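Listing of work00.txt, compact mmCIF, C-alpha atoms
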# COMPACT_ATOMS: atom_id res chain seq x y z
CA MET E 11 107.17 108.51 114.72
CA LEU E 12 105.33 109.17 111.46
CA GLN E 13 102.64 111.83 111.53
CA THR E 14 100.09 109.25 110.39
CA GLU E 15 100.69 107.09 113.48
CA ALA E 16 99.27 109.81 115.68
CA ASP E 17 96.81 111.21 113.15
CA PRO E 18 94.18 108.81 111.80
CA VAL E 19 92.85 111.49 109.42
CA ALA E 20 96.26 111.81 107.77
CA ALA E 21 96.56 108.02 107.60
CA LEU E 22 93.18 107.72 105.91
CA LEU E 23 94.06 110.46 103.43
CA MET E 24 97.31 108.68 102.61
CA LEU E 25 95.44 105.41 102.09
CA ALA E 26 92.90 107.12 99.82
CA ARG E 27 95.75 108.60 97.74
CA VAL E 28 97.28 105.14 97.35
CA GLN E 29 93.92 103.67 96.37
CA THR E 30 93.50 106.45 93.81
CA LYS E 31 96.92 105.72 92.29
CA GLN E 32 95.92 102.06 92.11
CA GLY E 33 92.77 102.98 90.21
CA ARG E 34 90.52 101.85 93.07
CA PHE E 35 88.35 104.96 92.96
CA ALA E 36 85.29 103.59 94.78
CA ASP E 37 87.55 102.44 97.64
CA ALA E 38 89.35 105.79 97.62
CA TRP E 39 86.01 107.60 97.88
CA GLN E 40 84.94 105.49 100.85
CA THR E 41 88.30 106.08 102.55
CA ALA E 42 88.10 109.84 101.92
CA GLU E 43 84.61 109.82 103.42
CA ARG E 44 85.98 108.00 106.48
CA ALA E 45 88.72 110.66 106.78
CA ASP E 46 86.08 113.39 106.70
CA GLN E 47 83.98 111.57 109.31
CA GLU E 48 87.03 111.02 111.53
CA ALA E 49 87.96 114.69 111.32
CA ARG E 50 84.46 115.65 112.41
CA ARG E 51 84.46 113.00 115.16
CA GLN E 52 87.68 114.46 116.54
CA GLY E 53 86.14 117.92 116.47
CA MET E 54 88.64 119.05 113.87
CA PRO E 55 87.60 121.94 111.72
CA ARG E 56 86.45 120.94 108.24
CA LYS E 57 89.56 122.66 106.93
CA VAL E 58 91.85 119.65 106.59
CA PRO E 59 94.50 120.44 103.96
CA GLY E 60 94.08 118.27 100.91
CA LEU E 61 90.79 116.65 101.97
CA HIS E 62 88.58 118.50 99.47
CA LEU E 63 91.30 118.20 96.84
CA LEU E 64 91.42 114.43 97.22
CA ARG E 65 87.64 114.13 97.31
CA GLY E 66 87.37 116.27 94.18
CA ASP E 67 89.96 114.18 92.36
CA VAL E 68 88.23 110.92 93.24
CA LEU E 69 84.79 112.27 92.34
CA ALA E 70 86.09 113.43 88.96
CA ARG E 71 87.51 109.98 88.28
CA LEU E 72 84.15 108.49 89.22
CA GLY E 73 82.48 110.79 86.68
CA ARG E 74 80.70 112.86 89.33
CA LEU E 75 81.88 116.15 87.83
CA ARG E 76 79.59 118.67 89.54
CA GLU E 77 80.39 117.22 92.96
CA ALA E 78 84.09 117.23 92.05
CA GLU E 79 83.80 120.90 91.10
CA GLN E 80 82.23 121.71 94.48
CA GLU E 81 84.99 119.89 96.38
CA LEU E 82 87.76 121.61 94.41
CA ARG E 83 86.13 124.99 94.95
CA ALA E 84 85.94 124.22 98.69
CA GLU E 85 89.68 123.39 98.75
CA ILE E 86 90.43 126.68 96.99
CA ALA E 87 88.24 128.60 99.42
CA ASP E 88 89.93 126.99 102.43
CA PHE E 89 93.47 126.99 100.99
CA PRO E 90 93.89 129.66 98.29
CA ALA E 91 97.59 128.78 97.93
CA SER E 92 96.78 125.19 96.90
CA PHE E 93 97.90 125.31 93.27
CA HIS E 94 96.84 121.70 92.72
CA ALA E 95 93.22 122.54 93.51
CA TYR E 96 93.19 125.30 90.88
CA THR E 97 94.91 123.19 88.23
CA ASN E 98 92.62 120.22 88.87
CA LEU E 99 89.58 122.46 88.61
CA ALA E 100 90.89 124.03 85.41
CA ALA E 101 91.48 120.57 83.91
CA LEU E 102 87.96 119.53 84.97
CA TYR E 103 86.47 122.52 83.15
CA VAL E 104 88.54 121.95 80.02
CA ALA E 105 87.59 118.27 79.95
CA ALA E 106 83.93 119.35 80.15
CA GLY E 107 84.43 121.66 77.15
CA GLU E 108 84.54 124.81 79.26
CA GLY E 109 88.00 126.10 78.31
CA ALA E 110 87.26 129.73 79.17
CA ALA E 111 86.22 128.71 82.69
CA GLY E 112 89.43 126.68 83.03
CA ARG E 113 91.57 129.64 82.01
CA GLY E 114 89.59 131.82 84.43
CA VAL E 115 90.43 129.48 87.30
CA LEU E 116 94.14 129.78 86.51
CA LEU E 117 93.91 133.58 86.44
CA ARG E 118 92.17 133.49 89.84
CA MET E 119 95.03 131.32 91.11
CA ILE E 120 97.46 134.05 90.09
CA ASN E 121 95.33 136.82 91.57
CA ASN E 122 94.62 134.96 94.82
CA ASN E 123 98.37 134.43 95.24
CA ARG E 124 99.22 138.08 94.66
CA GLY E 125 100.70 137.51 91.24
CA SER E 126 103.52 135.37 92.60
CA PRO E 127 106.05 134.00 90.11
CA ALA E 128 105.22 130.47 91.30
CA ALA E 129 101.54 130.99 90.47
CA TYR E 130 102.42 132.30 87.01
CA ALA E 131 104.72 129.34 86.41
CA GLU E 132 102.08 126.82 87.51
CA ALA E 133 99.45 128.46 85.30
CA VAL E 134 101.80 128.45 82.30
CA ARG E 135 102.61 124.76 82.80
CA MET E 136 98.93 123.88 83.12
CA LEU E 137 97.94 125.86 80.03
CA ARG E 138 100.59 123.98 78.09
CA VAL E 139 99.32 120.64 79.37
CA LEU E 140 95.81 121.66 78.34
CA GLY E 141 97.04 122.50 74.85
CA ASP E 142 96.67 126.28 75.07
CA THR E 143 100.21 127.20 74.03
CA GLY E 144 99.19 130.68 72.87
CA GLY E 145 97.59 131.46 76.21
CA ALA E 146 100.57 129.97 78.03
CA ASP E 147 103.01 132.08 76.03
CA ALA E 148 101.02 135.27 76.66
CA LEU E 149 100.81 134.53 80.38
CA LEU E 150 104.52 133.74 80.51
CA ARG E 151 105.33 137.09 78.88
CA ARG E 152 103.14 138.84 81.46
CA GLY E 153 104.79 136.94 84.32
CA LEU E 154 108.28 137.76 83.02
CA ALA E 155 107.36 141.44 82.67
CA LEU E 156 106.32 141.49 86.32
CA HIS E 157 109.12 139.22 87.58
CA PRO E 158 112.05 139.71 85.19
CA ASP E 159 114.57 137.99 87.47
CA ASP E 160 112.58 134.86 88.26
CA ARG E 161 114.55 131.76 87.26
CA GLN E 162 111.49 129.50 87.20
CA LEU E 163 109.75 131.72 84.63
CA HIS E 164 112.94 132.02 82.56
CA ALA E 165 113.28 128.26 82.53
CA LEU E 166 109.77 127.99 81.08
CA ALA E 167 110.71 130.49 78.39
CA GLY E 168 113.25 127.96 77.17
Structure re-expressed in structure tokens:
Amino acid sequence: MLQTEADPVAALLMLARVQTKQGRFADAWQTAERADQEARRQGMPRKVPGLHLLRGDVLARLGRLREAEQELRAEIADFPASFHAYTNLAALYVAAGEGAAGRGVLLRMINNNRGSPAAYAEAVRMLRVLGDTGGADALLRRGLALHPDDRQLHALAG
């Protein structure tokens, strides 16, 4: 049996993700709201993995940037190992012309994940996507100095 068959919250989140991929952002927002309401109705804690992340993504696509920021920050607070929440928040800041804030989010991701090689690698990839190759290269050098045997970081070094 699929997890979603027994878990209506997971099913609603899955539907909202599909609607987002289809570009149906208003529908995705309504579905994410229903998932949140269902979680509360079931007495589930508000800490549903991916709920704030999805809500933040949809809100950003709807142009509701401050609300998106709040949702992404909530996902990070609840799930500090959620790299996607950090990278989405960093991209949101960069898109709003706040590059320094975006880079700061990626550094917090590294710090909140105890300087893990995976966090360094994700931050390097995101900085490259955001066009900050100098910052990405500097961060990669730092990550390699701390984790000289990490294959993921070496692969990014080319």
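In this model, the gap between atom CA of E:Asn98 and atom CA of E:Arg118 comes to 13.3 Å.
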Query raised in the report: If you count all atoms listed in the file, which residues fall within 7 Å of stretch 60-76 of chain E, apart from same-chain ones fewer than 6 positions away, as an NGL selection string?
Result: :E and (30 or 35 or 38-39 or 42 or 82 or 84-85 or 95)
Would you output that residue set with C-alpha atoms, as a compact mmCIF listing (two decimals), in the coordinates of the input?
# COMPACT_ATOMS: atom_id res chain seq x y z
CA THR E 30 93.50 106.45 93.81
CA PHE E 35 88.35 104.96 92.96
CA ALA E 38 89.35 105.79 97.62
CA TRP E 39 86.01 107.60 97.88
CA ALA E 42 88.10 109.84 101.92
CA LEU E 82 87.76 121.61 94.41
CA ALA E 84 85.94 124.22 98.69
CA GLU E 85 89.68 123.39 98.75
CA ALA E 95 93.22 122.54 93.51
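Distance annotation: of E:Leu99, E:Ala16, E:Ala167, E:Ala45, the residue with the minimal separation from E:Leu149 is E:Ala167; atom set is all atoms listed in the file.
If you measure from each of E:Arg27, E:Val19, E:Arg34, E:Glu108 to E:Glu48 using all atoms listed in the file, the closest one turns out to be E:Val19.
Checking E:Ala110, E:Ala91, E:Leu150, E:Ala101 one by one against E:Asn122, counting only C-alpha atoms, you find the shortest gap at E:Ala91.
Using all atoms listed in the file, the contacts of E:Leu163 at a cut-off of 9 Å, with sequence neighbours closer than 5 positions omitted, comprise Pro127, Ala128, Tyr130, Ala131, Val134, Leu150, Gly153, Leu154, His157 and Pro158 of chain E.
Residue nearest E:Pro59 within the list E:Ala148, E:Ile86, E:Val104, E:Ile120: E:Ile86 [criterion: smallest interatomic distance, only C-alpha atoms].
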Query raised in the report: Just how far from atom CA of E:Arg113 is atom CA of E:Glu81, in Å to one decimal?
Result: 18.6 Å
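Between atom CA of E:Gly145 and atom CA of E:Glu79 the interatomic distance comes to 22.9 Å.
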Mind filling out stretch 104-123 of chain E with N, CA, C and O atoms and sending it as a compact mmCIF listing (two decimals), in the frame of the given file?
# COMPACT_ATOMS: atom_id res chain seq x y z
N VAL E 104 88.11 122.18 81.40
CA VAL E 104 88.54 121.95 80.02
C VAL E 104 88.02 120.61 79.51
O VAL E 104 87.52 120.51 78.38
N ALA E 105 88.10 119.59 80.33
CA ALA E 105 87.59 118.27 79.95
C ALA E 105 86.08 118.30 79.68
O ALA E 105 85.58 117.53 78.85
N ALA E 106 85.38 119.21 80.34
CA ALA E 106 83.93 119.35 80.15
C ALA E 106 83.61 120.31 79.00
O ALA E 106 82.44 120.65 78.79
N GLY E 107 84.65 120.76 78.28
CA GLY E 107 84.43 121.66 77.15
C GLY E 107 84.28 123.11 77.55
O GLY E 107 83.80 123.93 76.76
N GLU E 108 84.67 123.44 78.76
CA GLU E 108 84.54 124.81 79.26
C GLU E 108 85.93 125.44 79.42
O GLU E 108 86.36 125.78 80.52
N GLY E 109 86.63 125.59 78.29
CA GLY E 109 88.00 126.10 78.31
C GLY E 109 88.13 127.48 78.91
O GLY E 109 89.08 127.76 79.65
N ALA E 110 87.19 128.37 78.62
CA ALA E 110 87.26 129.73 79.17
C ALA E 110 87.18 129.70 80.70
O ALA E 110 87.89 130.44 81.38
N ALA E 111 86.33 128.83 81.23
CA ALA E 111 86.22 128.71 82.69
C ALA E 111 87.52 128.17 83.27
O ALA E 111 87.98 128.62 84.33
N GLY E 112 88.15 127.22 82.57
CA GLY E 112 89.43 126.68 83.03
C GLY E 112 90.51 127.74 83.07
O GLY E 112 91.26 127.84 84.05
N ARG E 113 90.58 128.55 82.02
CA ARG E 113 91.57 129.64 82.01
C ARG E 113 91.27 130.65 83.13
O ARG E 113 92.19 131.16 83.77
N GLY E 114 89.98 130.90 83.36
CA GLY E 114 89.59 131.82 84.43
C GLY E 114 90.04 131.35 85.80
O GLY E 114 90.47 132.15 86.63
N VAL E 115 89.98 130.05 86.03
CA VAL E 115 90.43 129.48 87.30
C VAL E 115 91.94 129.74 87.48
O VAL E 115 92.39 130.10 88.57
N LEU E 116 92.70 129.57 86.40
CA LEU E 116 94.14 129.78 86.51
C LEU E 116 94.47 131.25 86.75
O LEU E 116 95.39 131.56 87.52
N LEU E 117 93.70 132.16 86.16
CA LEU E 117 93.91 133.58 86.44
C LEU E 117 93.55 133.91 87.89
O LEU E 117 94.24 134.72 88.53
N ARG E 118 92.50 133.28 88.41
CA ARG E 118 92.17 133.49 89.84
C ARG E 118 93.29 132.97 90.74
O ARG E 118 93.57 133.56 91.78
N MET E 119 93.91 131.85 90.33
CA MET E 119 95.03 131.32 91.11
C MET E 119 96.13 132.38 91.21
O MET E 119 96.68 132.62 92.29
N ILE E 120 96.42 133.01 90.09
CA ILE E 120 97.46 134.05 90.09
C ILE E 120 97.03 135.21 90.97
O ILE E 120 97.80 135.67 91.82
N ASN E 121 95.81 135.68 90.79
CA ASN E 121 95.33 136.82 91.57
C ASN E 121 95.25 136.51 93.06
O ASN E 121 95.63 137.34 93.89
N ASN E 122 94.76 135.32 93.41
CA ASN E 122 94.62 134.96 94.82
C ASN E 122 95.97 134.75 95.50
O ASN E 122 96.04 134.73 96.73
N ASN E 123 97.02 134.60 94.70
CA ASN E 123 98.37 134.43 95.24
C ASN E 123 99.24 135.63 94.94
O ASN E 123 100.45 135.52 94.81
